[in-house]
Structure formats: C-alpha cells, structure tokens
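Here's the structure we're looking at; comments come further down.
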Amino acid sequence: MDFGIFTFGELTRGPSGSGRSAAQRIDETLRLARLADEAGLDVIGLGEHHRHDFAFSAPEIVLAAIARETHRIRLTTAVTVLSTADPARVFEQFATLDIVSGGRAEILAGRGVFPESFPLFGYDPADYDALFEDKLELLLQMREQADVTWPAPGAGTRRRAHHALHEAAIAPRPLQERLPIWRGVGGTPSSFVRAGQAGVPLFLALLSGHQHFVRLVELYRTAGPRPGTQRRP
C-alpha cells in the first residue's frame with residue numbers, strides 16, 4: 001500500500017480573509033513536497049484546473065520543479081484533463097519529467113470535474129466521452145510505440161478525436177520501460193468497465209460517498225484480462 005498527498009492547489013481564503021496568490025501556493029507546494037519526500041511518502045499528485053481559484057493549470061511544470069527538490073517521491077497529476085489535451089504533447093511532457101526526475105513520473109488521466117477547459121481549448125462539451133476514450137487509447141499506444149500510426153490500419157473510418165498520424169515520432173522516450181498511466185474515474189459504471197478492458201490501473205475520486213464503489217470496482221475487476229490496482233502498471 002502506498003501513501004501520498006494530492007492537491008488541487010486551491011487559492012482559498014484564510015481566517016483573516018486574505019487569499020493566497022498562485023506564486024504563494026506553488027511555493028507552499030514545493031515545500032510540502034520536500035517534507036513529504038523526507039517523511040518517506042510515496043507519491044504527490046497535482047490537479048489540473050484552468051480557473052482563477054486554482055494554482056495549477058500546468059501541473060507538469062510544477063512537478064518538474066518538485067523533481068529537482070526531491071529524491072524518491074513519485075510525481076503524478078490528479079488529474080491530467082486528457083479530453084482537452086493533445087496526447088502526444090502529454091506523453092512527451094511526462095517522458096521529459098520522467099527523465100528529469102530519474103524515472104519517477106506517472107500520468108493520471110481523467111475527464112475532469114469542471115468544464116472550463118472545453119471552451120478554453122476549443123472543444124465541445126457534448127463530445128465529453130468520445131474525446132477522452134479516443135485520446136486515452138492513443139496515449140496508451142504512444143506508451144508502447146516510439147513511432148505511431150493513428151488510427152491503426154483496419155480501425156474503421158469513424159470520426160476520431162485526434163488527427164491522423166503516420167509513423168509520427170513520439171520523443172523523447174521515458175526512462176521507465178512503461179510510463180505508468182492511470183485512469184481516474186468518478187462514479188460512472190462504464191468508466192470502470194473500460195478501465196478494466198484497457199488493463200490500466202484505476203484511481204477512484206470519492207465524489208459522492210463510498211458505499212456503491214464496491215460494486216463498481218467489481219465491474220472493473222471482471223471486465224478485463226489484467227484486473228487489479230497495482231502501483232506499477
């Protein structure tokens with residue numbers, strides 16, 4: 001079992017009524033990461049938000065700063081909003097983070113709770129599910145292949161969330177043989193099934209209680225050939 005710290009970098013107001021700036025919150029997070037590393041915690045995760053009340057719109061950059069301040073703690077997002085990101089850019093950024101950190105990077109990919117990134121990056125919220133599923137599939141392919149053709153031959157002609165690629169170089173490659181990629185889920189049953197079918201480890205965001213998650217985890221475990229929630233996918 002691993003223990004760690006996950007934060008969205010909220011810019012909340014304290015008892016005095018004064019709020020933190022993004023600069024203050026990022027500095028606090030760097031100090032928190034150093035303490036967590038020294039205390040022997042296993043992982044620190046930073047959430048991605050594109051709002052004035054959160055500090056981390058580019059968590060991979062803050063994680064890179066943390067990498068230079070720490071020695072052993074693993075570095076992940078919580079989550080990377082993959083629906084409105086380019087999978088190639090995401091993989092390359094985290095492969096670079098993996099190199100900078102000496103092999104400690106992970107990706108926690110999710111659809112996000114807040115919708116602000118959809119209009120910001122020119123996506124239609126109506127495509128919420130299709131965007132994520134297609135981009136996660138492509139991200140996983142980029143983990144396995146240094147040169148990617150997308151969609152794969154014989155994949156059909158349906159509309160895809162990403163433009164076609166032909167033997168596209170995905171560089172640099174991470175230090176880890178297989179960069180860990182998790183699927184972050186809330187409470188949608190189909191998300192648990194798809195995570196199991198893809199054979200990726202599952203991260204649960206307990207947004208609405210916990211009683212019904214036992215049934216949903218069973219859906220995940222029975223859906224795919226590689227059940228389980230091991231830390232090293």
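Chain labels A, B, ... are given in the sequence in which chains occur in the structure tokens; within each chain residues are numbered consecutively from 1, and ligands are likewise numbered from 1 in the order shown.
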
Spatial neighbours of Leu120 in chain A, max dist 12 Å, only C-alpha atoms, sep filter under 6 positions, as an NGL selection string: :A and (49-51 or 57 or 84-85)

Could you please take those selected residues and save all heavy atoms as a PDB file, in the first residue's frame?
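Written file, selection16.pdb:
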```pdb
ATOM      1  N   HIS A  49      -6.393  22.510 -13.266  1.00  0.00           N
ATOM      2  CA  HIS A  49      -7.588  23.346 -13.392  1.00  0.00           C
ATOM      3  C   HIS A  49      -7.222  24.627 -14.121  1.00  0.00           C
ATOM      4  O   HIS A  49      -6.092  25.109 -14.018  1.00  0.00           O
ATOM      5  CB  HIS A  49      -8.176  23.693 -12.019  1.00  0.00           C
ATOM      6  CG  HIS A  49      -8.792  22.527 -11.316  1.00  0.00           C
ATOM      7  ND1 HIS A  49      -9.973  21.957 -11.714  1.00  0.00           N
ATOM      8  CD2 HIS A  49      -8.374  21.805 -10.240  1.00  0.00           C
ATOM      9  CE1 HIS A  49     -10.270  20.953 -10.933  1.00  0.00           C
ATOM     10  NE2 HIS A  49      -9.315  20.826 -10.025  1.00  0.00           N
ATOM     11  N   HIS A  50      -8.185  25.178 -14.835  1.00  0.00           N
ATOM     12  CA  HIS A  50      -7.961  26.406 -15.598  1.00  0.00           C
ATOM     13  C   HIS A  50      -8.943  27.463 -15.099  1.00  0.00           C
ATOM     14  O   HIS A  50      -9.838  27.910 -15.803  1.00  0.00           O
ATOM     15  CB  HIS A  50      -8.138  26.126 -17.104  1.00  0.00           C
ATOM     16  CG  HIS A  50      -7.201  25.069 -17.612  1.00  0.00           C
ATOM     17  ND1 HIS A  50      -5.963  25.359 -18.137  1.00  0.00           N
ATOM     18  CD2 HIS A  50      -7.316  23.716 -17.638  1.00  0.00           C
ATOM     19  CE1 HIS A  50      -5.354  24.243 -18.486  1.00  0.00           C
ATOM     20  NE2 HIS A  50      -6.144  23.231 -18.185  1.00  0.00           N
ATOM     21  N   ARG A  51      -8.762  27.837 -13.836  1.00  0.00           N
ATOM     22  CA  ARG A  51      -9.652  28.772 -13.150  1.00  0.00           C
ATOM     23  C   ARG A  51      -8.830  29.679 -12.258  1.00  0.00           C
ATOM     24  O   ARG A  51      -7.706  29.335 -11.870  1.00  0.00           O
ATOM     25  CB  ARG A  51     -10.664  28.002 -12.276  1.00  0.00           C
ATOM     26  CG  ARG A  51     -11.583  27.070 -13.016  1.00  0.00           C
ATOM     27  CD  ARG A  51     -12.150  25.994 -12.077  1.00  0.00           C
ATOM     28  NE  ARG A  51     -12.715  26.564 -10.861  1.00  0.00           N
ATOM     29  CZ  ARG A  51     -14.022  26.596 -10.574  1.00  0.00           C
ATOM     30  NH1 ARG A  51     -14.896  26.096 -11.419  1.00  0.00           N
ATOM     31  NH2 ARG A  51     -14.453  27.099  -9.446  1.00  0.00           N
ATOM     32  N   SER A  57      -2.556  25.208 -13.536  1.00  0.00           N
ATOM     33  CA  SER A  57      -3.057  24.959 -14.889  1.00  0.00           C
ATOM     34  C   SER A  57      -2.060  24.147 -15.694  1.00  0.00           C
ATOM     35  O   SER A  57      -2.411  23.544 -16.705  1.00  0.00           O
ATOM     36  CB  SER A  57      -3.359  26.282 -15.611  1.00  0.00           C
ATOM     37  OG  SER A  57      -2.172  27.054 -15.744  1.00  0.00           O
ATOM     38  N   THR A  84      -9.223  17.472 -23.247  1.00  0.00           N
ATOM     39  CA  THR A  84      -8.934  18.732 -23.925  1.00  0.00           C
ATOM     40  C   THR A  84      -7.440  18.955 -24.116  1.00  0.00           C
ATOM     41  O   THR A  84      -7.000  20.082 -24.329  1.00  0.00           O
ATOM     42  CB  THR A  84      -9.556  19.909 -23.154  1.00  0.00           C
ATOM     43  OG1 THR A  84      -9.091  19.889 -21.797  1.00  0.00           O
ATOM     44  CG2 THR A  84     -11.079  19.813 -23.163  1.00  0.00           C
ATOM     45  N   ALA A  85      -6.675  17.879 -24.043  1.00  0.00           N
ATOM     46  CA  ALA A  85      -5.222  17.962 -24.251  1.00  0.00           C
ATOM     47  C   ALA A  85      -4.837  17.150 -25.474  1.00  0.00           C
ATOM     48  O   ALA A  85      -5.604  16.326 -25.961  1.00  0.00           O
ATOM     49  CB  ALA A  85      -4.484  17.439 -23.019  1.00  0.00           C
TER      50      ALA A  85
END
```

Write out as CSV a residue-level contact list of range 78-122 of chain A versus range 133-157 of chain A with cut-off 8 Å: for each qualifying residue the closest pair of atoms and the distance in Å to one decimal, counting only C-alpha atoms, rows sorted by chain and residue number upward.
```
residue,atom,partner,partner_atom,distance
A:Leu82,CA,A:Lys135,CA,6.8
A:Ser83,CA,A:Lys135,CA,6.8
A:Asp86,CA,A:Lys135,CA,7.7
A:Pro87,CA,A:Leu139,CA,5.3
A:Ala88,CA,A:Leu139,CA,7.0
A:Phe91,CA,A:Leu139,CA,6.8
A:Ala109,CA,A:Leu136,CA,7.7
```

Emit the selected residues as an mmCIF file, in the first residue's frame, including N, CA and C atoms.
```
data_model
loop_
_atom_site.group_PDB
_atom_site.id
_atom_site.type_symbol
_atom_site.label_atom_id
_atom_site.label_comp_id
_atom_site.auth_asym_id
_atom_site.auth_seq_id
_atom_site.Cartn_x
_atom_site.Cartn_y
_atom_site.Cartn_z
ATOM 1 N N LEU A 82 -7.339 14.916 -19.973
ATOM 2 C CA LEU A 82 -6.924 14.415 -21.282
ATOM 3 C C LEU A 82 -7.913 14.769 -22.386
ATOM 4 N N SER A 83 -9.174 14.939 -22.051
ATOM 5 C CA SER A 83 -10.193 15.237 -23.067
ATOM 6 C C SER A 83 -9.868 16.484 -23.873
ATOM 7 N N ASP A 86 -3.629 17.385 -25.975
ATOM 8 C CA ASP A 86 -3.096 16.591 -27.077
ATOM 9 C C ASP A 86 -2.309 15.432 -26.489
ATOM 10 N N PRO A 87 -2.683 14.186 -26.763
ATOM 11 C CA PRO A 87 -1.986 13.048 -26.162
ATOM 12 C C PRO A 87 -0.491 13.025 -26.453
ATOM 13 N N ALA A 88 -0.086 13.445 -27.644
ATOM 14 C CA ALA A 88 1.342 13.462 -27.970
ATOM 15 C C ALA A 88 2.081 14.435 -27.066
ATOM 16 N N PHE A 91 2.241 12.978 -23.498
ATOM 17 C CA PHE A 91 3.242 11.923 -23.338
ATOM 18 C C PHE A 91 4.652 12.502 -23.357
ATOM 19 N N ALA A 109 -4.793 10.138 -15.904
ATOM 20 C CA ALA A 109 -5.622 10.772 -16.937
ATOM 21 C C ALA A 109 -7.098 10.687 -16.548
#
```

Using only C-alpha atoms: which of A:Val79, A:Ala55, A:Val214, A:Leu11 has the shortest distance to Leu108 in chain A: A:Val79

From range 56-148 of chain A, collect each residue whose DSSP state is strand (DSSP E) and return the set as a tab-separated table (two decimals) with C-alpha atoms, in the first residue's frame.
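Just written: part_35.tsv:
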```
chain	number	residue	atom	x	y	z
A	74	ARG	CA	6.78	9.69	-7.28
A	75	LEU	CA	5.23	12.51	-9.31
A	76	THR	CA	1.78	12.43	-10.86
A	77	THR	CA	-1.19	14.55	-11.85
A	80	THR	CA	-4.45	15.46	-16.40
A	81	VAL	CA	-7.61	16.57	-18.25
A	107	ILE	CA	0.14	10.13	-15.59
A	108	LEU	CA	-3.30	10.08	-14.01
A	109	ALA	CA	-5.62	10.77	-16.94
A	110	GLY	CA	-9.22	11.82	-16.42
A	147	ASP	CA	6.61	5.78	-33.89
A	148	VAL	CA	2.83	5.92	-34.07
```

Spatial neighbours of Ala36 in chain A, 12 Å, only C-alpha atoms, chain gap at least 5 places, as a JSON list (two decimals) with all heavy atoms, in the first residue's frame:
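Generated output (result-v8.json):
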```json
[["chain", "number", "residue", "atom", "x", "y", "z"],
["A", 3, "PHE", "N", 1.19, 5.58, 0.27],
["A", 3, "PHE", "CA", 0.59, 6.75, 0.88],
["A", 3, "PHE", "C", 1.15, 8.00, 0.21],
["A", 3, "PHE", "O", 2.34, 8.04, -0.16],
["A", 3, "PHE", "CB", 0.88, 6.80, 2.38],
["A", 3, "PHE", "CG", 0.22, 5.70, 3.16],
["A", 3, "PHE", "CD1", 0.89, 4.49, 3.37],
["A", 3, "PHE", "CD2", -1.05, 5.85, 3.66],
["A", 3, "PHE", "CE1", 0.29, 3.47, 4.09],
["A", 3, "PHE", "CE2", -1.66, 4.84, 4.37],
["A", 3, "PHE", "CZ", -0.98, 3.63, 4.59],
["A", 4, "GLY", "N", 0.32, 8.99, 0.04],
["A", 4, "GLY", "CA", 0.79, 10.21, -0.59],
["A", 4, "GLY", "C", -0.12, 11.39, -0.35],
["A", 4, "GLY", "O", -1.06, 11.33, 0.45],
["A", 5, "ILE", "N", 0.16, 12.46, -1.07],
["A", 5, "ILE", "CA", -0.58, 13.72, -0.95],
["A", 5, "ILE", "C", -1.06, 14.13, -2.34],
["A", 5, "ILE", "O", -0.29, 14.12, -3.30],
["A", 5, "ILE", "CB", 0.32, 14.84, -0.37],
["A", 5, "ILE", "CG1", 0.74, 14.50, 1.06],
["A", 5, "ILE", "CG2", -0.39, 16.19, -0.43],
["A", 5, "ILE", "CD1", 1.78, 15.45, 1.62],
["A", 6, "PHE", "N", -2.34, 14.48, -2.42],
["A", 6, "PHE", "CA", -2.91, 15.00, -3.66],
["A", 6, "PHE", "C", -3.50, 16.38, -3.36],
["A", 6, "PHE", "O", -4.16, 16.56, -2.34],
["A", 6, "PHE", "CB", -4.00, 14.07, -4.19],
["A", 6, "PHE", "CG", -3.46, 12.79, -4.77],
["A", 6, "PHE", "CD1", -2.99, 11.78, -3.95],
["A", 6, "PHE", "CD2", -3.39, 12.61, -6.14],
["A", 6, "PHE", "CE1", -2.48, 10.61, -4.48],
["A", 6, "PHE", "CE2", -2.88, 11.45, -6.69],
["A", 6, "PHE", "CZ", -2.42, 10.44, -5.85],
["A", 29, "THR", "N", 3.60, 24.41, -2.13],
["A", 29, "THR", "CA", 3.56, 23.04, -2.66],
["A", 29, "THR", "C", 4.97, 22.46, -2.79],
["A", 29, "THR", "O", 5.20, 21.28, -2.51],
["A", 29, "THR", "CB", 2.84, 23.02, -4.01],
["A", 29, "THR", "OG1", 1.52, 23.55, -3.85],
["A", 29, "THR", "CG2", 2.74, 21.60, -4.55],
["A", 30, "LEU", "N", 5.92, 23.29, -3.20],
["A", 30, "LEU", "CA", 7.31, 22.82, -3.28],
["A", 30, "LEU", "C", 7.83, 22.44, -1.89],
["A", 30, "LEU", "O", 8.49, 21.40, -1.72],
["A", 30, "LEU", "CB", 8.20, 23.90, -3.89],
["A", 30, "LEU", "CG", 7.94, 24.24, -5.36],
["A", 30, "LEU", "CD1", 8.83, 25.40, -5.80],
["A", 30, "LEU", "CD2", 8.18, 23.04, -6.25],
["A", 31, "ARG", "N", 7.50, 23.26, -0.89],
["A", 31, "ARG", "CA", 7.94, 22.96, 0.47],
["A", 31, "ARG", "C", 7.24, 21.70, 1.00],
["A", 31, "ARG", "O", 7.84, 20.87, 1.67],
["A", 31, "ARG", "CB", 7.70, 24.16, 1.38],
["A", 31, "ARG", "CG", 8.65, 25.32, 1.09],
["A", 31, "ARG", "CD", 8.57, 26.43, 2.11],
["A", 31, "ARG", "NE", 7.45, 27.32, 1.83],
["A", 31, "ARG", "CZ", 6.40, 27.48, 2.61],
["A", 31, "ARG", "NH1", 6.30, 26.80, 3.74],
["A", 31, "ARG", "NH2", 5.45, 28.34, 2.30],
["A", 41, "LEU", "N", 6.88, 9.52, 2.24],
["A", 41, "LEU", "CA", 5.64, 9.28, 1.50],
["A", 41, "LEU", "C", 5.96, 8.84, 0.07],
["A", 41, "LEU", "O", 7.04, 9.11, -0.46],
["A", 41, "LEU", "CB", 4.77, 10.54, 1.49],
["A", 41, "LEU", "CG", 4.23, 10.99, 2.86],
["A", 41, "LEU", "CD1", 3.28, 12.17, 2.68],
["A", 41, "LEU", "CD2", 3.53, 9.86, 3.59],
["A", 42, "ASP", "N", 4.99, 8.17, -0.55],
["A", 42, "ASP", "CA", 5.26, 7.50, -1.82],
["A", 42, "ASP", "C", 4.97, 8.34, -3.06],
["A", 42, "ASP", "O", 5.62, 8.16, -4.09],
["A", 42, "ASP", "CB", 4.42, 6.22, -1.91],
["A", 42, "ASP", "CG", 4.76, 5.25, -0.80],
["A", 42, "ASP", "OD1", 5.87, 4.70, -0.83],
["A", 42, "ASP", "OD2", 3.92, 5.06, 0.10],
["A", 43, "VAL", "N", 4.01, 9.24, -2.99],
["A", 43, "VAL", "CA", 3.57, 9.93, -4.20],
["A", 43, "VAL", "C", 3.01, 11.30, -3.86],
["A", 43, "VAL", "O", 2.44, 11.49, -2.79],
["A", 43, "VAL", "CB", 2.52, 9.08, -4.96],
["A", 43, "VAL", "CG1", 1.28, 8.85, -4.11],
["A", 43, "VAL", "CG2", 2.14, 9.71, -6.30],
["A", 44, "ILE", "N", 3.18, 12.25, -4.78],
["A", 44, "ILE", "CA", 2.49, 13.53, -4.69],
["A", 44, "ILE", "C", 1.81, 13.78, -6.03],
["A", 44, "ILE", "O", 2.40, 13.56, -7.10],
["A", 44, "ILE", "CB", 3.44, 14.69, -4.33],
["A", 44, "ILE", "CG1", 2.63, 15.98, -4.13],
["A", 44, "ILE", "CG2", 4.56, 14.87, -5.34],
["A", 44, "ILE", "CD1", 3.41, 17.10, -3.44],
["A", 45, "GLY", "N", 0.55, 14.19, -5.98],
["A", 45, "GLY", "CA", -0.23, 14.42, -7.19],
["A", 45, "GLY", "C", -0.82, 15.82, -7.22],
["A", 45, "GLY", "O", -1.34, 16.30, -6.20],
["A", 66, "ILE", "N", 9.39, 20.21, -8.54],
["A", 66, "ILE", "CA", 9.43, 19.31, -7.40],
["A", 66, "ILE", "C", 10.50, 18.24, -7.61],
["A", 66, "ILE", "O", 11.21, 17.84, -6.66],
["A", 66, "ILE", "CB", 8.05, 18.66, -7.17],
["A", 66, "ILE", "CG1", 7.05, 19.71, -6.65],
["A", 66, "ILE", "CG2", 8.14, 17.49, -6.20],
["A", 66, "ILE", "CD1", 5.63, 19.21, -6.55],
["A", 69, "GLU", "N", 13.77, 19.12, -6.36],
["A", 69, "GLU", "CA", 13.83, 19.39, -4.92],
["A", 69, "GLU", "C", 13.71, 18.11, -4.09],
["A", 69, "GLU", "O", 13.80, 18.15, -2.87],
["A", 69, "GLU", "CB", 12.68, 20.33, -4.53],
["A", 69, "GLU", "CG", 12.68, 21.67, -5.24],
["A", 69, "GLU", "CD", 13.43, 22.73, -4.48],
["A", 69, "GLU", "OE1", 13.66, 22.53, -3.28],
["A", 69, "GLU", "OE2", 13.81, 23.74, -5.09],
["A", 70, "THR", "N", 13.45, 16.96, -4.76],
["A", 70, "THR", "CA", 13.18, 15.71, -4.05],
["A", 70, "THR", "C", 14.05, 14.60, -4.62],
["A", 70, "THR", "O", 14.73, 14.79, -5.63],
["A", 70, "THR", "CB", 11.69, 15.35, -4.16],
["A", 70, "THR", "OG1", 11.33, 15.25, -5.56],
["A", 70, "THR", "CG2", 10.80, 16.39, -3.50],
["A", 71, "HIS", "N", 13.96, 13.42, -3.98],
["A", 71, "HIS", "CA", 14.84, 12.32, -4.37],
["A", 71, "HIS", "C", 14.12, 11.02, -4.69],
["A", 71, "HIS", "O", 14.59, 10.26, -5.54],
["A", 71, "HIS", "CB", 15.86, 12.06, -3.25],
["A", 71, "HIS", "CG", 16.70, 13.25, -2.92],
["A", 71, "HIS", "ND1", 17.71, 13.70, -3.74],
["A", 71, "HIS", "CD2", 16.64, 14.11, -1.86],
["A", 71, "HIS", "CE1", 18.28, 14.77, -3.20],
["A", 71, "HIS", "NE2", 17.64, 15.05, -2.06],
["A", 72, "ARG", "N", 12.99, 10.75, -4.03],
["A", 72, "ARG", "CA", 12.39, 9.43, -4.20],
["A", 72, "ARG", "C", 10.88, 9.46, -4.45],
["A", 72, "ARG", "O", 10.35, 8.52, -5.03],
["A", 72, "ARG", "CB", 12.65, 8.56, -2.95],
["A", 72, "ARG", "CG", 12.16, 9.17, -1.64],
["A", 72, "ARG", "CD", 12.25, 8.20, -0.47],
["A", 72, "ARG", "NE", 11.51, 6.99, -0.71],
["A", 72, "ARG", "CZ", 10.19, 6.90, -0.54],
["A", 72, "ARG", "NH1", 9.47, 7.97, -0.14],
["A", 72, "ARG", "NH2", 9.57, 5.76, -0.76],
["A", 73, "ILE", "N", 10.19, 10.49, -4.03],
["A", 73, "ILE", "CA", 8.74, 10.51, -4.13],
["A", 73, "ILE", "C", 8.32, 10.51, -5.60],
["A", 73, "ILE", "O", 8.93, 11.15, -6.45],
["A", 73, "ILE", "CB", 8.15, 11.73, -3.39],
["A", 73, "ILE", "CG1", 6.66, 11.56, -3.14],
["A", 73, "ILE", "CG2", 8.45, 13.05, -4.13],
["A", 73, "ILE", "CD1", 6.10, 12.53, -2.12],
["A", 74, "ARG", "N", 7.25, 9.75, -5.91],
["A", 74, "ARG", "CA", 6.78, 9.69, -7.28],
["A", 74, "ARG", "C", 5.88, 10.88, -7.60],
["A", 74, "ARG", "O", 5.24, 11.45, -6.71],
["A", 74, "ARG", "CB", 6.05, 8.36, -7.54],
["A", 74, "ARG", "CG", 7.02, 7.17, -7.42],
["A", 74, "ARG", "CD", 6.42, 5.88, -7.89],
["A", 74, "ARG", "NE", 6.13, 5.90, -9.32],
["A", 74, "ARG", "CZ", 7.03, 5.66, -10.28],
["A", 74, "ARG", "NH1", 8.29, 5.43, -9.97],
["A", 74, "ARG", "NH2", 6.67, 5.67, -11.55],
["A", 75, "LEU", "N", 5.83, 11.25, -8.88],
["A", 75, "LEU", "CA", 5.23, 12.51, -9.31],
["A", 75, "LEU", "C", 4.11, 12.23, -10.31],
["A", 75, "LEU", "O", 4.35, 11.65, -11.37],
["A", 75, "LEU", "CB", 6.30, 13.40, -9.96],
["A", 75, "LEU", "CG", 7.61, 13.54, -9.17],
["A", 75, "LEU", "CD1", 8.69, 14.19, -10.03],
["A", 75, "LEU", "CD2", 7.39, 14.31, -7.89]]
```
